[in-house]
2 protein chains.
Amino acid sequence: MALVTISDIRAAASLIAPAVVRTPLLRFDDRLSVKPESLQPVGAFKIRGAYHALARLSDEVRARGVVAYSSGNHAQAVAFAAHAFGVPAVIVVPENAPAVKVAATRAWGASVELVPMAERESRAHELVDSLGATLIPPFDHPDVIAGQGTVGLEIVADQPKVDVVLVPVSGGGLISGVAAAVKALRPAARVVGVEPELAADAAESLRAGELVGWPAAERERTSADGLRAEPSELTFAHMRAYVDDVVTVSEDEIAGAVRRLARDLRLVVEPSGAVAVAAYLQRAEEWPARTVAIVSGGNVDPEVFARMI
Amino acid sequence: MALVTISDIRAAASLIAPAVVRTPLLRFDDRLSVKPESLQPVGAFKIRGAYHALARLSDEVRARGVVAYSSGNHAQAVAFAAHAFGVPAVIVVPENAPAVKVAATRAWGASVELVPMAERESRAHELVDSLGATLIPPFDHPDVIAGQGTVGLEIVADQPKVDVVLVPVSGGGLISGVAAAVKALRPAARVVGVEPELAADAAESLRAGELVGWPAAERERTSADGLRAEPSELTFAHMRAYVDDVVTVSEDEIAGAVRRLARDLRLVVEPSGAVAVAAYLQRAEEWPARTVAIVSGGNVDPEVFARMI
């Protein structure tokens, strides 16, 4: 299986530059720096992969529009990217999605189709067929992975001697791209994934050497609602090639990291976005001197956030 | 009176680069971008001026230590800068200062002296005399103003066609430096100060053409506790030369801006830090297409912040 290369990621960086924020590294303490992707438009790194996937389409294909199925940050990222390119987007969302997320997606001019959870994927494929539109998957695509990899490019540019990069893992698009970039530019650095204990399928898969599925009902127990997806064959291949380890954090550790990020770095971070910092705090004295944690997103209900800090 | 020049500010930018975060501009809506200085170490732009003031001292003078009197962000900025240079710092703090702020200042290794409010200044001068240390004022010094001016340098670098820069005003150090930079690099841009209605002494002074003092008891009514100082002759001279207007915002408008910054840009911002965005929101349709608001700081009590969002 062909893996995304550092030149794919460099090319992605030029294509997405107009749309993404060049996030700085923020010093958390003597050892840890944080890469705050919560500061991106739409509040998550997802804009990098989605915008890149659209940028890579021919003008003609892109003009027929794009389709995504997601209730989370990917939906908003595709809607934002389609708005930026001036092309139509249809986002297929489960009926029980939070109204605020639906509103945020509509705010970028996308049409939102509410369907029963089980019909999301089939409805998205119907739309692709009937509109001639292009499906933009949340992680299972080389262009999406290359876009997310630009986070790794920026980390090494700002911290050339980085020792460890801690990365949240869900479907694995972010860690696939970041690991490909970091291992190419700084082979001595370790790339470590982080999952909630309650959705630790990637950790188990990596240990087993093959994809081990966890039932959706189990993965849905975690408060980190952005980390409930499973890796694909493509992202798992990147993880086997480039990722050194995947560690897990408890729900309490996630909440503690949200709180510390609010108080110490003045960031509004969603639970999913805080897991890498939670992994650092779990054994802060054991991580090496130049550790970087990716804070992947900040789309959290304000009432929930207010209770956590 | 000699005003700070663009070359002073460029020189400051090189000196402070190792210590400050190169903050990005974050897009708030179609017209407004935000400069999030809440992301600096110590959570406020104050690190720029304080670090620059220390960097400009000779090694010999700096080694004798520095003194500041402040209970706010300047205290932490001087403590941080002294720690970075490995020199002693004594911060004179009023006895009624919040314990969290005292703890944050001590965390950078500074000694904190608690004295009655009225004795702050005299005690600081005693320390300067007895220790041979250098007083680092919060705004009334050209090196501090030049350091704060680097915010303006970065705004024009990132948005060369900026039309308006909105800047919080208290003692006037930030707006003095920012206005000197912006007017040198982009003379067509307007620089507009923002004050709380309840501490609008700079607005009144600029209209009167001379410094008009407001009693401290009046200025202390605003929730924007970082905006209760008054301009000095030096900062007022910069304001008369370079600032186009100073507008005011209500307490409700300040709270609304804190809320919007949390929800839309995922930033933890203190009331003082949100006034420039409050001024934008007051009449959003009237500001021109390329408006930039400086978010000056994010040191807010988490319980207070949780109630505001």
# chains A, B, ... in the order shown; residues from 1 in each chain; ligands from 1
>>> residues_around(residues="region 264-280 of chain A", least_positions_apart="3", cutoff="8 Å", atoms="only C-alpha atoms", output="MDAnalysis selection string")
(chainID A and resid 26 28 32 34 38 166:168 193:196 223:227 247:249 253:258 260:261 283:284 287 293:300 305) or (chainID B and resid 38:39 43 262 266:269 298:299)
>>> write_last_selection(atoms="N, CA and C atoms", output="tab-separated table (two decimals), in the first residue's frame")
chain	number	residue	atom	x	y	z
A	26	LEU	N	3.08	26.73	21.64
A	26	LEU	CA	2.93	27.45	22.92
A	26	LEU	C	3.60	26.63	24.01
A	28	PHE	N	4.11	25.04	27.36
A	28	PHE	CA	3.24	24.66	28.48
A	28	PHE	C	4.03	24.60	29.78
A	32	LEU	N	7.13	20.57	27.79
A	32	LEU	CA	6.04	20.41	26.82
A	32	LEU	C	5.71	21.70	26.08
A	34	VAL	N	2.76	22.99	23.08
A	34	VAL	CA	1.46	22.60	22.57
A	34	VAL	C	1.26	23.24	21.20
A	38	SER	N	-6.81	24.07	17.69
A	38	SER	CA	-8.12	24.64	18.03
A	38	SER	C	-8.27	26.06	17.49
A	166	LEU	N	3.13	13.90	20.53
A	166	LEU	CA	1.95	13.20	21.04
A	166	LEU	C	0.74	13.63	20.21
A	167	VAL	N	0.01	12.65	19.67
A	167	VAL	CA	-1.04	12.94	18.68
A	167	VAL	C	-2.33	12.20	19.02
A	168	PRO	N	-3.47	12.90	19.10
A	168	PRO	CA	-4.75	12.20	19.29
A	168	PRO	C	-5.03	11.25	18.13
A	193	GLY	N	0.79	7.96	19.57
A	193	GLY	CA	-0.64	8.23	19.52
A	193	GLY	C	-1.26	8.20	20.90
A	194	VAL	N	-2.40	8.87	21.04
A	194	VAL	CA	-3.11	8.87	22.32
A	194	VAL	C	-4.59	8.63	22.06
A	195	GLU	N	-5.15	7.69	22.80
A	195	GLU	CA	-6.58	7.37	22.71
A	195	GLU	C	-7.20	7.39	24.10
A	196	PRO	N	-8.52	7.61	24.16
A	196	PRO	CA	-9.21	7.38	25.43
A	196	PRO	C	-9.17	5.88	25.77
A	223	SER	N	-16.14	10.58	26.57
A	223	SER	CA	-16.57	11.98	26.39
A	223	SER	C	-15.86	12.61	25.19
A	224	ALA	N	-14.80	12.00	24.74
A	224	ALA	CA	-14.03	12.55	23.62
A	224	ALA	C	-14.74	12.15	22.32
A	225	ASP	N	-15.78	12.90	21.98
A	225	ASP	CA	-16.67	12.48	20.90
A	225	ASP	C	-16.02	12.57	19.52
A	226	GLY	N	-14.86	13.18	19.41
A	226	GLY	CA	-14.14	13.20	18.14
A	226	GLY	C	-13.21	12.01	17.97
A	227	LEU	N	-13.15	11.14	18.98
A	227	LEU	CA	-12.16	10.04	18.93
A	227	LEU	C	-12.83	8.67	18.92
A	247	VAL	N	-0.74	5.22	23.42
A	247	VAL	CA	-1.02	5.13	24.85
A	247	VAL	C	-2.45	5.58	25.10
A	248	THR	N	-2.95	5.29	26.30
A	248	THR	CA	-4.35	5.61	26.59
A	248	THR	C	-4.46	6.50	27.83
A	249	VAL	N	-5.56	7.25	27.88
A	249	VAL	CA	-5.82	8.15	29.01
A	249	VAL	C	-7.26	7.93	29.49
A	253	GLU	N	-8.49	11.99	33.36
A	253	GLU	CA	-7.27	12.63	32.85
A	253	GLU	C	-7.59	13.58	31.70
A	254	ILE	N	-8.55	13.21	30.86
A	254	ILE	CA	-8.96	14.09	29.76
A	254	ILE	C	-9.54	15.39	30.33
A	255	ALA	N	-10.44	15.25	31.30
A	255	ALA	CA	-11.06	16.44	31.89
A	255	ALA	C	-10.01	17.33	32.56
A	256	GLY	N	-9.04	16.69	33.22
A	256	GLY	CA	-7.97	17.47	33.86
A	256	GLY	C	-7.14	18.24	32.85
A	257	ALA	N	-6.92	17.65	31.69
A	257	ALA	CA	-6.13	18.34	30.66
A	257	ALA	C	-6.92	19.51	30.06
A	258	VAL	N	-8.23	19.34	29.87
A	258	VAL	CA	-9.06	20.47	29.40
A	258	VAL	C	-8.93	21.65	30.37
A	260	ARG	N	-6.48	22.25	32.60
A	260	ARG	CA	-5.14	22.85	32.60
A	260	ARG	C	-4.92	23.71	31.36
A	261	LEU	N	-5.41	23.28	30.21
A	261	LEU	CA	-5.24	24.06	28.99
A	261	LEU	C	-6.01	25.38	29.06
A	283	ARG	N	2.35	11.26	33.12
A	283	ARG	CA	3.68	10.92	33.65
A	283	ARG	C	4.67	11.97	33.13
A	284	ALA	N	4.41	13.21	33.58
A	284	ALA	CA	5.13	14.37	33.05
A	284	ALA	C	6.63	14.24	33.22
A	287	TRP	N	8.55	12.07	30.25
A	287	TRP	CA	8.70	12.48	28.86
A	287	TRP	C	9.99	13.28	28.69
A	293	ALA	N	2.74	18.32	22.13
A	293	ALA	CA	1.40	17.70	22.11
A	293	ALA	C	0.52	18.48	21.15
A	294	ILE	N	-0.15	17.75	20.27
A	294	ILE	CA	-1.10	18.40	19.36
A	294	ILE	C	-2.46	18.51	20.05
A	295	VAL	N	-2.94	19.75	20.14
A	295	VAL	CA	-4.30	20.01	20.63
A	295	VAL	C	-5.16	20.13	19.37
A	296	SER	N	-5.97	19.09	19.14
A	296	SER	CA	-6.54	18.94	17.80
A	296	SER	C	-7.78	19.76	17.53
A	297	GLY	N	-8.54	20.14	18.57
A	297	GLY	CA	-9.75	20.90	18.30
A	297	GLY	C	-10.35	21.55	19.52
A	298	GLY	N	-11.25	22.50	19.28
A	298	GLY	CA	-11.85	23.27	20.37
A	298	GLY	C	-13.36	23.44	20.28
A	299	ASN	N	-14.03	22.52	19.59
A	299	ASN	CA	-15.48	22.65	19.45
A	299	ASN	C	-16.19	21.91	20.57
A	300	VAL	N	-16.39	22.63	21.65
A	300	VAL	CA	-17.02	22.06	22.83
A	300	VAL	C	-18.20	22.93	23.20
A	305	PHE	N	-17.98	23.02	28.75
A	305	PHE	CA	-16.64	23.56	29.02
A	305	PHE	C	-16.62	24.34	30.34
B	38	SER	N	-3.33	37.00	24.16
B	38	SER	CA	-3.60	36.12	25.29
B	38	SER	C	-2.78	34.84	25.21
B	39	LEU	N	-2.23	34.54	24.02
B	39	LEU	CA	-1.42	33.31	23.86
B	39	LEU	C	0.04	33.50	24.27
B	43	GLY	N	0.36	35.17	29.41
B	43	GLY	CA	-1.02	35.45	28.99
B	43	GLY	C	-1.32	36.87	28.60
B	262	ALA	N	-14.82	33.34	23.27
B	262	ALA	CA	-14.77	31.95	23.74
B	262	ALA	C	-15.46	31.04	22.74
B	266	ARG	N	-12.54	30.34	20.34
B	266	ARG	CA	-12.00	29.35	21.30
B	266	ARG	C	-10.82	29.91	22.09
B	267	LEU	N	-10.97	31.18	22.51
B	267	LEU	CA	-9.95	31.84	23.31
B	267	LEU	C	-10.49	32.15	24.70
B	268	VAL	N	-9.64	31.95	25.70
B	268	VAL	CA	-9.95	32.41	27.05
B	268	VAL	C	-9.39	33.83	27.18
B	269	VAL	N	-10.28	34.80	27.30
B	269	VAL	CA	-9.88	36.21	27.28
B	269	VAL	C	-10.39	36.90	28.53
B	298	GLY	N	-5.39	37.27	28.67
B	298	GLY	CA	-6.32	36.21	29.01
B	298	GLY	C	-6.25	35.76	30.46
B	299	ASN	N	-5.80	36.64	31.35
B	299	ASN	CA	-5.69	36.22	32.75
B	299	ASN	C	-6.96	36.56	33.51
>>> select_by_dssp(residues="region 24-202 of chain A", states="strand (DSSP E or B)", output="number ranges by chain")
A: 26-27, 32-36, 44, 66-69, 89-94, 111-115, 134-135, 164-168, 190-196
>>> write_last_selection(atoms="C-alpha atoms", output="PDB file, in the first residue's frame")
ATOM      1  CA  LEU A  26       2.927  27.448  22.917  1.00  0.00           C
ATOM      2  CA  ARG A  27       5.186  26.607  25.840  1.00  0.00           C
ATOM      3  CA  LEU A  32       6.041  20.409  26.816  1.00  0.00           C
ATOM      4  CA  SER A  33       4.963  22.655  23.962  1.00  0.00           C
ATOM      5  CA  VAL A  34       1.460  22.602  22.569  1.00  0.00           C
ATOM      6  CA  LYS A  35       0.391  22.948  18.923  1.00  0.00           C
ATOM      7  CA  PRO A  36      -3.032  24.632  19.219  1.00  0.00           C
ATOM      8  CA  ALA A  44      -9.866  21.982  14.337  1.00  0.00           C
ATOM      9  CA  VAL A  66     -18.622  17.843  -2.602  1.00  0.00           C
ATOM     10  CA  VAL A  67     -20.339  15.566  -0.132  1.00  0.00           C
ATOM     11  CA  ALA A  68     -19.359  14.497   3.375  1.00  0.00           C
ATOM     12  CA  TYR A  69     -21.014  12.487   6.088  1.00  0.00           C
ATOM     13  CA  ALA A  89     -21.436  21.116  -0.428  1.00  0.00           C
ATOM     14  CA  VAL A  90     -23.965  18.675   0.960  1.00  0.00           C
ATOM     15  CA  ILE A  91     -23.284  17.352   4.436  1.00  0.00           C
ATOM     16  CA  VAL A  92     -25.164  14.257   5.544  1.00  0.00           C
ATOM     17  CA  VAL A  93     -25.730  14.411   9.275  1.00  0.00           C
ATOM     18  CA  PRO A  94     -27.417  11.959  11.651  1.00  0.00           C
ATOM     19  CA  SER A 111     -26.845  22.114   2.640  1.00  0.00           C
ATOM     20  CA  VAL A 112     -27.366  19.760   5.538  1.00  0.00           C
ATOM     21  CA  GLU A 113     -29.361  16.546   5.088  1.00  0.00           C
ATOM     22  CA  LEU A 114     -30.579  14.965   8.306  1.00  0.00           C
ATOM     23  CA  VAL A 115     -30.953  11.193   8.011  1.00  0.00           C
ATOM     24  CA  THR A 134     -17.081  14.078  -4.919  1.00  0.00           C
ATOM     25  CA  LEU A 135     -17.090  12.396  -1.524  1.00  0.00           C
ATOM     26  CA  VAL A 164       8.396  13.191  21.034  1.00  0.00           C
ATOM     27  CA  VAL A 165       5.181  14.205  19.278  1.00  0.00           C
ATOM     28  CA  LEU A 166       1.947  13.201  21.036  1.00  0.00           C
ATOM     29  CA  VAL A 167      -1.039  12.939  18.676  1.00  0.00           C
ATOM     30  CA  PRO A 168      -4.749  12.200  19.292  1.00  0.00           C
ATOM     31  CA  ARG A 190       9.173   9.328  18.561  1.00  0.00           C
ATOM     32  CA  VAL A 191       5.575   9.683  17.410  1.00  0.00           C
ATOM     33  CA  VAL A 192       3.107   8.463  20.014  1.00  0.00           C
ATOM     34  CA  GLY A 193      -0.642   8.233  19.517  1.00  0.00           C
ATOM     35  CA  VAL A 194      -3.107   8.872  22.322  1.00  0.00           C
ATOM     36  CA  GLU A 195      -6.580   7.369  22.710  1.00  0.00           C
ATOM     37  CA  PRO A 196      -9.215   7.376  25.433  1.00  0.00           C
TER      38      PRO A 196
END
>>> residues_around(residues="Gly147 (chain A)", least_positions_apart="5", cutoff="7 Å", atoms="only C-alpha atoms", output="NGL selection string")
:A and (9 or 12 or 48-49 or 52)
>>> write_last_selection(atoms="C-alpha atoms", output="mmCIF file, in the first residue's frame")
data_model
loop_
_atom_site.group_PDB
_atom_site.id
_atom_site.type_symbol
_atom_site.label_atom_id
_atom_site.label_comp_id
_atom_site.auth_asym_id
_atom_site.auth_seq_id
_atom_site.Cartn_x
_atom_site.Cartn_y
_atom_site.Cartn_z
ATOM 1 C CA ILE A 9 2.962 16.815 2.521
ATOM 2 C CA ALA A 12 -0.083 20.129 0.534
ATOM 3 C CA ARG A 48 -6.084 21.117 6.559
ATOM 4 C CA GLY A 49 -7.109 17.757 5.106
ATOM 5 C CA HIS A 52 -6.330 20.020 0.597
#
>>> atom_distance(atom1="CA of Ala55 (chain A)", atom2="CA of Thr5 (chain A)")
17.8 Å
>>> closest_residue(among="B:Asp29, B:Thr150, B:Gly177, B:Ala79", to="Val102 (chain B)", atoms="only C-alpha atoms")
B:Ala79
>>> closest_residue(among="B:Val4, B:Ala84, B:Val42, B:Ala11", to="chain A", atoms="only C-alpha atoms")
B:Val42
>>> select_by_dssp(residues="region 94-181 of chain B", states="helix (DSSP H, G or I)", output="number ranges by chain")
B: 99-107, 117-131, 142-158, 173-181
>>> residues_around(residues="Val61 (chain A)", least_positions_apart="3", cutoff="9 Å", atoms="only C-alpha atoms", output="number ranges by chain")
A: 57-58, 64-65, 132-134
>>> residues_around(residues="Lys161 (chain A)", least_positions_apart="5", cutoff="10 Å", atoms="only C-alpha atoms", output="JSON, numbers by chain")
{"A": [155, 156, 186, 188, 189, 289, 290, 291]}
>>> closest_residue(among="B:Asp158, B:Pro98, B:Glu210, B:Gly86", to="chain A", atoms="only C-alpha atoms")
B:Asp158
>>> closest_residue(among="A:Ala216, A:Ile309, A:Ala241, A:Val246", to="chain B", atoms="only C-alpha atoms")
A:Ile309
>>> closest_residue(among="A:Ala203, A:Ala13, A:Ala107, A:Ala50", to="chain B", atoms="only C-alpha atoms")
A:Ala107
>>> closest_residue(among="A:Asp129, A:Glu37, A:Asp252, A:Asp8", to="chain B", atoms="only C-alpha atoms")
A:Glu37
>>> atom_distance(atom1="CA of Arg207 (chain A)", atom2="CA of Ala237 (chain A)")
13.3 Å
>>> atom_distance(atom1="CA of Ala19 (chain A)", atom2="CA of Val100 (chain A)")
23.1 Å
>>> residues_around(residues="Asp140 (chain B)", least_positions_apart="3", cutoff="10 Å", atoms="only C-alpha atoms", output="MDAnalysis selection string")
chainID B and resid 136:137 143:145 171:173 231:236
>>> write_last_selection(atoms="C-alpha atoms", output="short mmCIF file (atom, residue, chain, number, x, y, z; two decimals), in the first residue's frame")
data_model
loop_
_atom_site.label_atom_id
_atom_site.label_comp_id
_atom_site.auth_asym_id
_atom_site.auth_seq_id
_atom_site.Cartn_x
_atom_site.Cartn_y
_atom_site.Cartn_z
CA ILE B 136 10.68 48.42 35.08
CA PRO B 137 7.61 50.63 34.67
CA ASP B 143 11.80 50.63 25.80
CA VAL B 144 8.49 49.30 27.08
CA ILE B 145 6.59 51.20 24.38
CA GLY B 171 -1.75 53.53 30.59
CA GLY B 172 -1.29 53.71 26.85
CA GLY B 173 1.92 51.72 26.38
CA PRO B 231 -1.79 57.62 30.38
CA SER B 232 1.48 59.38 31.22
CA GLU B 233 2.86 62.47 29.47
CA LEU B 234 4.96 60.13 27.31
CA THR B 235 2.17 57.83 26.21
CA PHE B 236 -0.23 60.75 25.75
#
